[in-house]
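**Q** See target.cif below, with mmCIF, C-alpha atoms.
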data_structure
#
loop_
_atom_site.label_atom_id
_atom_site.label_comp_id
_atom_site.auth_asym_id
_atom_site.auth_seq_id
_atom_site.Cartn_x
_atom_site.Cartn_y
_atom_site.Cartn_z
CA MET A 1 158.70 149.49 90.22
CA GLU A 2 162.38 148.79 90.81
CA PRO A 3 164.43 151.08 93.04
CA LYS A 4 167.32 151.07 90.58
CA ASP A 5 165.18 152.97 88.08
CA GLU A 6 165.10 156.10 90.16
CA LEU A 7 167.79 155.80 92.83
CA SER A 8 171.52 156.28 92.73
CA SER A 9 173.66 153.33 93.73
CA GLU A 10 174.45 155.01 97.04
CA GLU A 11 170.76 155.58 97.71
CA GLN A 12 170.03 151.96 96.90
CA GLU A 13 172.71 150.93 99.36
CA VAL A 14 171.19 153.13 102.05
CA LEU A 15 167.74 151.73 101.29
CA VAL A 16 168.97 148.15 101.64
CA TRP A 17 170.62 149.13 104.92
CA VAL A 18 167.40 150.68 106.25
CA GLU A 19 165.38 147.65 105.15
CA ARG A 20 167.79 145.31 106.91
CA ALA A 21 167.54 147.37 110.07
CA GLY A 22 163.77 147.90 109.72
CA ALA A 23 163.99 151.16 111.64
CA VAL A 24 167.06 153.21 112.50
CA SER A 25 168.05 156.70 113.56
CA PRO A 26 169.18 158.74 110.48
CA SER A 27 172.25 159.86 112.40
CA ARG A 28 173.21 156.32 113.31
CA LEU A 29 172.77 155.43 109.66
CA SER A 30 175.05 158.30 108.70
CA ALA A 31 177.67 157.05 111.17
CA GLN A 32 177.34 153.41 110.14
CA LYS A 33 177.58 154.14 106.43
CA GLU A 34 180.22 156.84 107.03
CA ILE A 35 178.31 159.28 104.89
CA HIS A 36 178.34 163.00 105.67
CA PRO A 37 175.20 164.01 107.62
CA THR A 38 174.14 166.58 105.00
CA LYS A 39 174.38 164.05 102.20
CA MET A 40 172.63 161.37 104.25
CA TRP A 41 169.70 163.68 104.97
CA GLU A 42 169.45 164.58 101.28
CA MET A 43 169.34 160.90 100.33
CA LEU A 44 166.81 160.06 103.02
CA GLU A 45 164.58 162.95 101.94
CA HIS A 46 164.73 161.63 98.38
CA LEU A 47 163.86 158.11 99.57
CA ARG A 48 161.00 159.55 101.61
CA GLU A 49 159.63 161.46 98.62
CA LEU A 50 159.62 158.21 96.64
CA ASN A 51 157.84 156.44 99.53
CA TRP A 52 160.63 153.95 100.21
CA VAL A 53 161.04 155.17 103.79
CA ILE A 54 159.14 157.09 106.45
CA ILE A 55 160.91 159.67 108.60
CA ARG A 56 159.20 160.44 111.88
CA ASP A 57 159.90 161.95 115.30
CA ASP A 58 161.36 159.61 117.88
CA PRO A 59 162.02 160.82 121.41
CA ASP A 60 164.29 157.83 122.05
CA SER A 61 166.95 158.52 119.43
CA ALA A 62 169.80 161.01 119.86
CA ASP A 63 168.70 163.13 116.90
CA GLY A 64 164.99 162.82 117.72
CA LYS A 65 164.25 161.17 114.37
CA LEU A 66 163.65 157.67 113.10
CA VAL A 67 163.75 156.37 109.54
CA ILE A 68 161.56 153.32 108.90
CA ALA A 69 161.46 151.14 105.79
CA THR A 70 158.02 151.03 104.20
CA GLY A 71 158.86 147.49 103.07
CA THR A 72 157.51 148.13 99.56
CA ASN A 73 160.72 146.93 97.94
CA MET A 74 160.92 143.92 100.27
CA ALA A 75 157.32 142.88 99.54
CA SER A 76 157.88 142.95 95.79
CA GLN A 77 161.03 140.87 96.11
CA SER A 78 160.06 138.28 98.70
CA LYS A 79 156.75 136.92 97.47
CA ALA A 80 155.07 136.12 94.22
CA GLU A 81 151.32 136.25 93.70
CA MET B 1 137.90 137.77 136.19
CA ASN B 2 141.57 138.40 135.77
CA SER B 3 142.03 138.71 132.00
CA PRO B 4 145.76 137.88 131.83
CA ASP B 5 145.01 134.34 133.01
CA LEU B 6 142.61 133.44 130.20
CA GLN B 7 144.98 131.22 128.27
CA ARG B 8 146.38 129.58 131.41
CA ARG B 9 142.86 129.05 132.64
CA PHE B 10 141.87 127.32 129.40
CA ASP B 11 144.98 125.11 129.40
CA PHE B 12 144.50 124.20 133.06
CA GLY B 13 140.79 123.46 132.63
CA PHE B 14 141.41 121.34 129.55
CA VAL B 15 144.15 119.28 131.19
CA LEU B 16 142.04 118.84 134.33
CA LEU B 17 139.07 117.63 132.28
CA VAL B 18 141.18 115.11 130.36
CA ILE B 19 142.79 113.80 133.56
CA ALA B 20 139.41 113.54 135.34
CA LEU B 21 137.82 111.66 132.42
CA ALA B 22 140.84 109.34 132.15
CA LEU B 23 140.73 108.58 135.89
CA VAL B 24 136.99 107.86 135.86
CA ALA B 25 137.40 105.62 132.79
CA LEU B 26 140.30 103.79 134.42
CA PHE B 27 138.38 103.30 137.67
CA LEU B 28 135.30 101.96 135.90
CA ALA B 29 137.22 99.73 133.52
CA THR B 30 139.63 98.13 135.99
CA PRO B 31 138.45 94.73 137.36
CA LEU B 32 138.55 95.25 141.11
CA GLU B 33 136.52 92.20 142.23
CA SER B 34 139.53 89.90 142.51
CA LEU B 35 141.56 92.41 144.49
CA ASN B 36 141.52 92.51 148.25
CA LEU B 37 140.04 95.99 148.67
CA ALA B 38 137.61 97.53 151.11
CA PRO B 39 134.07 96.39 150.08
CA ILE B 40 133.00 99.99 149.49
CA ILE B 41 135.34 100.37 146.51
CA PRO B 42 133.93 97.57 144.29
CA LEU B 43 130.47 98.73 145.34
CA LEU B 44 131.31 102.26 144.29
CA GLN B 45 132.60 100.95 141.01
CA MET B 46 129.42 98.99 140.39
CA GLN B 47 127.28 102.02 141.20
CA GLY B 48 129.42 104.08 138.86
CA ARG B 49 128.96 101.58 136.03
CA LEU B 50 125.20 101.55 136.58
CA ALA B 51 125.13 105.36 136.60
CA LEU B 52 127.09 105.39 133.38
CA MET B 53 124.60 103.03 131.75
CA VAL B 54 121.75 105.35 132.69
CA LEU B 55 123.48 108.66 132.07
CA TRP B 56 125.53 108.07 128.92
CA PRO B 57 122.73 109.20 126.54
CA TYR B 58 122.41 112.47 128.48
CA ALA B 59 126.17 112.92 128.65
CA THR B 60 126.45 112.35 124.90
CA VAL B 61 123.67 114.82 124.12
CA ALA B 62 125.24 117.37 126.48
CA ALA B 63 128.62 116.89 124.79
CA LEU B 64 127.06 117.36 121.34
CA GLY B 65 125.25 120.52 122.45
CA ALA B 66 128.34 121.89 124.17
CA GLY B 67 130.35 121.05 121.06
CA VAL B 68 128.07 123.27 118.98
CA GLY B 69 128.60 126.08 121.51
CA LEU B 70 132.36 125.56 121.35
CA ALA B 71 132.31 125.66 117.55
CA GLU B 72 130.24 128.84 117.67
CA LEU B 73 132.75 130.52 120.00
CA SER B 74 135.80 129.33 118.03
CA SER B 75 134.43 130.61 114.73
CA THR B 76 133.21 133.95 116.15
CA PHE B 77 136.49 134.69 117.94
CA ASP B 78 138.83 132.89 115.57
CA ASP B 79 141.87 134.95 116.64
CA TYR B 80 141.47 134.03 120.31
CA PRO B 81 139.41 130.80 120.46
CA ARG B 82 140.95 129.39 123.64
CA GLN B 83 140.70 132.69 125.47
CA ALA B 84 137.07 133.16 124.37
CA ILE B 85 136.18 129.70 125.68
CA ALA B 86 137.93 130.47 128.97
CA THR B 87 135.92 133.65 129.62
CA ARG B 88 133.03 133.45 132.06
CA TRP B 89 130.43 134.33 129.41
CA GLY B 90 131.98 131.85 126.99
CA GLN B 91 131.43 129.14 129.56
CA TYR B 92 127.84 130.30 130.14
CA LEU B 93 127.21 129.86 126.42
CA ILE B 94 128.69 126.35 126.41
CA TRP B 95 126.72 125.35 129.50
CA LEU B 96 123.50 126.77 128.05
CA ASN B 97 123.95 124.72 124.89
CA GLY B 98 124.76 121.55 126.80
CA ILE B 99 121.99 121.85 129.39
CA SER B 100 119.30 122.90 126.93
CA ALA B 101 120.19 119.90 124.73
CA VAL B 102 119.85 117.59 127.76
CA LEU B 103 116.46 119.09 128.65
CA ALA B 104 115.28 118.72 125.06
CA PHE B 105 116.47 115.10 125.09
CA ALA B 106 114.64 114.39 128.36
CA ILE B 107 111.41 115.83 126.96
CA ALA B 108 111.82 113.96 123.66
CA ARG B 109 112.47 110.71 125.52
CA LEU B 110 109.33 111.23 127.57
CA TYR B 111 107.05 111.67 124.58
CA MET B 112 108.74 109.35 122.06
CA PRO B 113 107.40 105.78 121.72
CA PRO B 114 109.53 103.27 123.69
CA GLN B 115 110.61 101.45 120.52
CA THR B 116 112.40 104.60 119.19
CA ASN B 117 116.06 103.95 118.40
CA GLU B 118 117.92 105.65 121.24
CA LEU B 119 121.08 106.30 119.26
CA LEU B 120 119.10 108.09 116.57
CA LEU B 121 117.30 110.09 119.22
CA ILE B 122 120.62 111.11 120.81
CA VAL B 123 122.13 112.25 117.52
CA GLY B 124 118.86 113.84 116.41
CA VAL B 125 118.45 115.89 119.58
CA GLY B 126 122.20 116.52 120.14
CA ALA B 127 122.70 117.94 116.66
CA GLY B 128 119.12 118.92 115.78
CA PHE B 129 118.15 120.89 118.87
CA PRO B 130 121.02 123.41 118.64
CA THR B 131 120.05 123.90 114.98
CA LEU B 132 116.39 124.39 115.91
CA ILE B 133 117.05 127.09 118.49
CA ARG B 134 119.03 129.01 115.89
CA THR B 135 116.38 128.78 113.20
CA LYS B 136 114.04 131.41 111.85
CA PHE B 137 111.08 130.06 109.85
CA THR B 138 109.62 132.30 107.16
CA LEU B 139 105.90 131.46 106.81
CA ALA B 140 105.01 134.02 104.18
CA LYS B 141 107.24 136.21 102.04
CA GLN B 142 105.93 139.59 100.92
CA PHE B 143 105.95 140.52 97.27
CA GLY B 144 108.62 143.07 96.42
CA GLY B 145 110.40 142.86 99.74
CA GLY B 146 109.24 144.23 103.09
CA ASP B 147 108.69 142.44 106.38
CA ASP B 148 108.08 138.74 105.91
CA LEU B 149 105.76 136.78 108.17
CA SER B 150 108.11 134.61 110.17
CA VAL B 151 108.54 132.72 113.42
CA ASN B 152 111.94 133.17 114.97
CA ILE B 153 112.38 130.23 117.31
CA GLY B 154 115.90 131.33 118.06
CA TRP B 155 114.96 134.89 119.18
CA LEU B 156 115.64 134.22 122.85
CA TYR B 157 118.89 132.44 122.05
CA ASP B 158 119.91 135.33 119.76
CA GLN B 159 119.45 137.76 122.64
CA PHE B 160 121.53 135.64 124.98
CA GLN B 161 124.18 135.08 122.31
CA ASN B 162 124.45 138.84 121.72
CA VAL B 163 124.97 139.48 125.42
CA CYS B 164 127.63 136.73 125.54
CA LYS B 165 129.38 138.05 122.45
CA LYS B 166 129.52 141.57 123.85
CA GLN B 167 130.81 140.44 127.24
CA ILE B 168 133.40 138.09 125.71
CA ASP B 169 134.54 140.86 123.40
CA LEU B 170 135.03 143.16 126.40
CA ASP B 171 137.00 140.48 128.24
CA LEU B 172 139.17 139.85 125.17
CA MET B 173 139.74 143.57 124.74
CA SER B 174 141.16 143.74 128.28
CA TYR B 175 143.19 140.62 127.54
CA ARG B 176 144.65 142.13 124.34
CA ARG B 177 145.48 145.32 126.18
CA THR B 178 147.31 143.32 128.84
CA GLN B 179 149.32 141.50 126.19
CA VAL B 180 150.22 144.77 124.45
CA ASP B 181 151.29 146.27 127.78
CA ARG B 182 153.56 143.26 128.42
CA LEU B 183 155.13 143.79 125.02
CA LEU B 184 155.55 147.54 125.50
CA ALA B 185 157.17 147.01 128.89
CA ARG B 186 159.98 145.11 127.15
CA TYR B 187 160.04 146.88 123.78
CA SER B 188 159.68 150.47 124.76
CA THR B 189 160.81 152.38 121.68
CA VAL B 190 159.10 153.01 118.35
CA GLN B 191 162.30 151.78 116.70
CA GLU B 192 162.27 148.36 118.39
CA LEU B 193 158.55 147.93 117.83
CA SER B 194 158.79 148.97 114.16
CA GLN B 195 161.64 146.53 113.63
CA THR B 196 159.70 143.73 115.29
CA ALA B 197 156.51 144.51 113.36
CA LEU B 198 158.34 144.60 110.04
CA TYR B 199 160.15 141.36 110.81
CA THR B 200 156.87 139.71 111.84
CA ILE B 201 155.19 140.70 108.59
CA LYS B 202 158.11 139.32 106.60
CA ALA B 203 158.28 136.15 108.69
CA ARG B 204 154.60 135.22 108.25
CA ALA B 205 154.84 132.49 105.65
CA THR B 206 151.10 132.17 105.12
CA LEU B 207 150.52 135.79 104.08
CA THR B 208 149.96 136.23 100.35
CA LYS B 209 151.68 139.10 98.58
CA THR B 210 148.47 141.15 98.69
CA GLU B 211 148.00 140.48 102.41
CA GLU B 212 151.63 141.34 103.06
CA GLU B 213 151.29 144.61 101.19
CA GLY B 214 148.13 145.33 103.19
CA ARG B 215 149.97 144.75 106.44
CA LEU B 216 152.88 146.91 105.31
CA ALA B 217 150.38 149.66 104.48
CA ASP B 218 148.93 149.27 108.00
CA LEU B 219 152.44 149.60 109.42
CA ALA B 220 153.10 152.72 107.35
CA GLN B 221 149.89 154.28 108.67
CA ILE B 222 150.81 153.46 112.26
CA VAL B 223 154.28 155.03 112.01
CA ASP B 224 153.06 157.99 109.99
CA PRO B 225 154.95 161.14 111.11
CA LYS B 226 151.65 162.74 112.16
CA VAL B 227 150.93 159.98 114.71
CA PRO B 228 152.29 160.79 118.19
CA PRO B 229 154.96 158.35 119.46
CA GLU B 230 152.79 157.01 122.31
CA LEU B 231 149.92 156.15 119.99
CA ALA B 232 152.35 154.67 117.46
CA ARG B 233 153.80 152.43 120.18
CA MET B 234 150.38 151.18 121.25
CA ASN B 235 149.27 150.47 117.70
CA LEU B 236 152.56 148.78 116.84
CA GLY B 237 152.11 146.53 119.87
CA LEU B 238 148.58 145.68 118.75
CA LEU B 239 149.76 144.99 115.19
CA ILE B 240 152.46 142.62 116.44
CA LEU B 241 149.91 140.85 118.66
CA GLU B 242 147.45 140.49 115.78
CA LEU B 243 150.14 139.24 113.43
CA GLY B 244 151.90 136.85 115.74
CA GLY B 245 149.35 135.94 118.40
CA VAL B 246 149.75 135.56 122.14
CA ALA B 247 152.36 132.78 121.91
CA TYR B 248 154.55 135.05 119.78
CA VAL B 249 154.23 137.87 122.32
CA ASP B 250 155.24 135.38 125.02
CA LEU B 251 158.27 134.44 122.93
CA LEU B 252 159.29 138.08 122.38
CA VAL B 253 158.85 139.00 126.02
CA GLY B 254 160.71 135.86 127.12
CA ALA B 255 163.57 136.60 124.71
CA LYS B 256 163.98 140.08 126.18
CA GLU B 257 163.83 138.76 129.72
CA SER B 258 166.57 136.21 129.00
CA VAL B 259 169.01 138.88 127.73
CA PRO B 260 171.27 139.80 130.66
CA ALA B 261 171.01 143.44 131.65
CA VAL B 262 174.75 144.08 131.24
CA ALA B 263 174.76 142.72 127.70
CA GLU B 264 171.77 144.93 126.91
CA ILE B 265 173.54 148.04 128.17
CA SER B 266 176.70 147.28 126.25
CA ARG B 267 174.58 146.96 123.09
CA GLY B 268 171.86 149.31 121.79
CA GLY B 269 170.40 150.60 125.05
CA GLY B 270 173.69 151.85 126.51
CA GLU B 271 174.90 153.27 123.19
CA GLU B 272 171.70 155.25 122.77
CA VAL B 273 172.04 156.79 126.24
CA LEU B 274 175.71 157.62 125.64
CA ALA B 275 174.96 159.14 122.23
CA LYS B 276 172.25 161.30 123.80
CA ARG B 277 174.70 162.55 126.44
CA LEU B 278 177.27 163.35 123.75
CA VAL B 279 174.72 165.32 121.72
CA GLU B 280 174.23 167.60 124.71
CA LEU B 281 177.81 168.89 124.21
CA SER B 282 178.54 171.77 121.85
CA LEU B 283 179.70 170.84 118.35
CA GLU B 284 183.22 172.04 119.10
CA ALA B 285 183.42 170.12 122.38
CA LEU B 286 182.07 166.97 120.76
CA GLU B 287 184.54 167.21 117.88
CA SER B 288 187.41 167.76 120.29
CA LEU B 289 186.34 164.78 122.45
CA ALA B 290 185.96 162.54 119.40
CA LEU B 291 189.40 163.48 118.10
CA ARG B 292 190.93 162.67 121.49
CA VAL B 293 189.27 159.25 121.70
CA LEU B 294 189.52 158.15 118.09
CA LYS B 295 193.13 157.49 117.13
CA GLN B 296 192.77 156.19 113.57
CA PRO B 297 193.42 158.88 110.89
CA GLU B 298 190.37 157.80 108.80
CA ASP B 299 188.10 158.07 111.87
CA GLN B 300 189.49 161.51 112.67
CA ALA B 301 189.05 162.58 109.04
CA TRP B 302 185.38 161.54 109.07
CA VAL B 303 184.69 163.38 112.32
CA LYS B 304 186.39 166.55 111.02
CA ALA B 305 184.38 166.41 107.80
CA ALA B 306 181.10 165.84 109.67
CA ALA B 307 181.86 168.78 111.98
CA GLN B 308 182.40 171.21 109.10
CA PRO B 309 179.77 173.98 108.93
CA ALA B 310 176.67 172.51 107.29
CA PRO B 311 174.12 175.13 106.24
CA GLY B 312 170.55 173.90 106.50
CA LEU B 313 171.38 171.19 109.04
CA SER B 314 170.37 171.73 112.66
CA ALA B 315 173.01 171.40 115.38
CA THR B 316 171.45 168.17 116.66
CA LYS B 317 171.37 166.62 113.19
CA GLN B 318 175.04 167.47 112.81
CA LYS B 319 176.15 166.37 116.28
CA ALA B 320 174.18 163.11 116.49
CA PRO B 321 176.05 161.33 113.62
CA ILE B 322 179.38 162.22 115.28
CA ALA B 323 178.06 160.92 118.61
CA TYR B 324 176.92 157.64 117.03
CA TYR B 325 180.21 157.35 115.11
CA LEU B 326 182.08 157.77 118.35
CA VAL B 327 180.12 155.14 120.30
CA GLU B 328 180.45 152.67 117.42
CA HIS B 329 184.17 153.16 116.79
CA ALA B 330 185.49 153.61 120.31
CA GLU B 331 185.30 151.70 123.57
CA PRO B 332 182.25 152.90 125.57
CA GLU B 333 184.38 153.09 128.71
CA ALA B 334 186.89 155.43 127.01
CA VAL B 335 184.10 157.69 125.72
CA THR B 336 182.38 157.77 129.12
CA SER B 337 185.65 158.55 130.86
CA GLU B 338 186.44 161.44 128.46
CA LEU B 339 182.88 162.71 128.77
CA GLU B 340 183.09 162.75 132.55
CA THR B 341 186.45 164.55 132.40
CA GLN B 342 185.03 167.15 130.02
CA THR B 343 181.87 167.79 132.03
#
Can you turn what I pasted into structure tokens?
**A**
Amino acid sequence: MEPKDELSSEEQEVLVWVERAGAVSPSRLSAQKEIHPTKMWEMLEHLRELNWVIIRDDPDSADGKLVIATGTNMASQSKAE
Amino acid sequence: MNSPDLQRRFDFGFVLLVIALALVALFLATPLESLNLAPIIPLLQMQGRLALMVLWPYATVAALGAGVGLAELSSTFDDYPRQAIATRWGQYLIWLNGISAVLAFAIARLYMPPQTNELLLIVGVGAGFPTLIRTKFTLAKQFGGGDDLSVNIGWLYDQFQNVCKKQIDLDLMSYRRTQVDRLLARYSTVQELSQTALYTIKARATLTKTEEEGRLADLAQIVDPKVPPELARMNLGLLILELGGVAYVDLLVGAKESVPAVAEISRGGGEEVLAKRLVELSLEALESLALRVLKQPEDQAWVKAAAQPAPGLSATKQKAPIAYYLVEHAEPEAVTSELETQT
């Protein structure tokens, strides 16, 4: 399954960003990508529904949330059977 | 026993053994007769050579028996072989194998005819006896299954081995916990640990695609939103330890220790604290502060847009991106100064 089949180019960009970071606060992501918070949350929810990322509580981040790459996309790209 | 010292204990013991053997070999092999030494020293050397002549078969048998014990430990605890060998019960198992092989050799030597080839006897007992005490002979096998008639020569050894295995496992459990605690002391957040775990999975060159996917699935389970942060942290630490081993944990901990505290504050740690303080402000106050600190029109435009009423978004979710934007686009000192003026 390729992300491009079901994600917008902006969502793909966000996904790549999350995968590079491994784990990041959604609000920091919004600030880094300069995307409006509402739009960022919509994109992250979409990515979560498609199992590309996990969003969980994190007492250490300013917004109390953490988005983590599931690595599914990275696994399919980095190694061959 | 102090579990954190297992690896050091193994390394120290191994080096000490090699040095001791090398010194004894050097002492026995060096011709001392021509040197002008105290008479006791050449005498001691001669006695040592004689003792070696008598004892070498026993020493060889003991080494073979102990080697079987070592192999048993290494294969049973293949993730932590050195630590398993260094535990007290691991050493009991090695000693038991070595000593029992020596006893078996002494008995065999007593009853064997004098013309028996000694080398064959050494190899036979050294390798054969450990096999014998692990063997179960089936004398009669029942039709259609059921309990066979058998003689388990290794029953006693099995019991001892089980006790050793359990005790070593307990020691290693404490050891793993200590390693995880060391890691968590330096990598305290779920974010840092998730990043490290993900990187470790990707960096493991020997994992096949299937294994990598399995590990990624493990990671996803650990950071599942339903898992409390404390438990997630512990399990992430354990995953990193399992993936990278103790040496990798040492490397990670060492890397964190070598980062100067000031540099750490000026990077992620300090930014996170500052962002948290900014989020405590009201949205209006935060917007006003950001507009005062950020001078570039595009920065101000982004902050204004982000501060617009956003139905369905909580206040924290709206304020946190502005706070992060501010700490990333402005000097921390300027933000702190404005924050202190405002509060």
**Q** Which residues would end up in the selection if the PyMOL selection byres ((chain B) within 9 of (chain A)) were applied here, given that I need the answer as JSON, numbers by chain?
**A** {"B": [189, 190, 191, 192, 193, 194, 195, 196, 197, 198, 199, 202, 208, 209, 210, 212, 213, 216, 217, 219, 220, 223, 224, 225, 226, 227, 228, 229, 272, 273, 274, 275, 276, 277, 278, 279, 302, 305, 306, 310, 311, 312, 313, 316, 317, 318, 319, 320, 321, 322, 323, 324, 325, 326, 328]}
**Q** Please determine, counting only C-alpha atoms, which residue among B:Thr206, B:Leu21, B:Ala247, B:Leu184 has the shortest atom-to-atom distance to B:Arg233.
**A**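 Answer, going by the shortest atom-to-atom distance: B:Leu184.
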**Q** Do you know which residues are at most 7 Å from stretch 117-133 of chain B counting all atoms listed in the file, after dropping those on the same chain fewer than 4 positions away, and could you put them as a PyMOL selection string?
**A** chain B and resi 57+61+64-65+101+104-105+153-154+157
**Q** Record the distance separating atom CA of B:Pro309 and atom CA of B:Val293, expressed in Å with one decimal.
**A**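 Taking atom CA of B:Pro309 and atom CA of B:Val293, their separation equals 21.7 Å.
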**Q** At what distance in Å, to one decimal, does atom CA of A:Val18 lie from atom CA of B:Leu286?
**A**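 Straight-line distance from atom CA of B:Leu286 to atom CA of A:Val18 works out to 26.3 Å.
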**Q** Set up a box along x, y and z of the file covering all listed atoms of stretch 123-142 of chain B, add 3 Å on every one of the six sides, and write the centre and edge lengths in Å to one decimal, as AutoDock Vina command-line options.
**A**
--center_x 113.9 --center_y 125.9 --center_z 110.5 --size_x 23.7 --size_y 33.3 --size_z 25.2
**Q** Using only C-alpha atoms, find the one residue out of B:Gln45, B:Thr200, B:Ser258, B:Ser337 that sits nearest to B:Leu243.
**A**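 Selected residue with least distance to B:Leu243: B:Thr200.
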**Q** One decimal, in Å: what's the spacing between atom CA of B:Val15 and atom CA of B:Ala71?
**A** 19.2 Å
**Q** List the residues selected by the PyMOL selection byres ((chain B and resi 161-176) around 8) in the file shown, writing them as a JSON list (two decimals) with C-alpha atoms, in the frame of the given file.
**A**
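Wrote part-v7.json, looks like this:
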[["chain", "number", "residue", "atom", "x", "y", "z"],
["B", 3, "SER", "CA", 142.03, 138.71, 132.00],
["B", 4, "PRO", "CA", 145.76, 137.88, 131.83],
["B", 6, "LEU", "CA", 142.61, 133.44, 130.20],
["B", 80, "TYR", "CA", 141.47, 134.03, 120.31],
["B", 83, "GLN", "CA", 140.70, 132.69, 125.47],
["B", 84, "ALA", "CA", 137.07, 133.16, 124.37],
["B", 87, "THR", "CA", 135.92, 133.65, 129.62],
["B", 88, "ARG", "CA", 133.03, 133.45, 132.06],
["B", 89, "TRP", "CA", 130.43, 134.33, 129.41],
["B", 90, "GLY", "CA", 131.98, 131.85, 126.99],
["B", 92, "TYR", "CA", 127.84, 130.30, 130.14],
["B", 93, "LEU", "CA", 127.21, 129.86, 126.42],
["B", 157, "TYR", "CA", 118.89, 132.44, 122.05],
["B", 158, "ASP", "CA", 119.91, 135.33, 119.76],
["B", 159, "GLN", "CA", 119.45, 137.76, 122.64],
["B", 160, "PHE", "CA", 121.53, 135.64, 124.98],
["B", 177, "ARG", "CA", 145.48, 145.32, 126.18],
["B", 178, "THR", "CA", 147.31, 143.32, 128.84],
["B", 179, "GLN", "CA", 149.32, 141.50, 126.19],
["B", 180, "VAL", "CA", 150.22, 144.77, 124.45],
["B", 238, "LEU", "CA", 148.58, 145.68, 118.75],
["B", 241, "LEU", "CA", 149.91, 140.85, 118.66]]
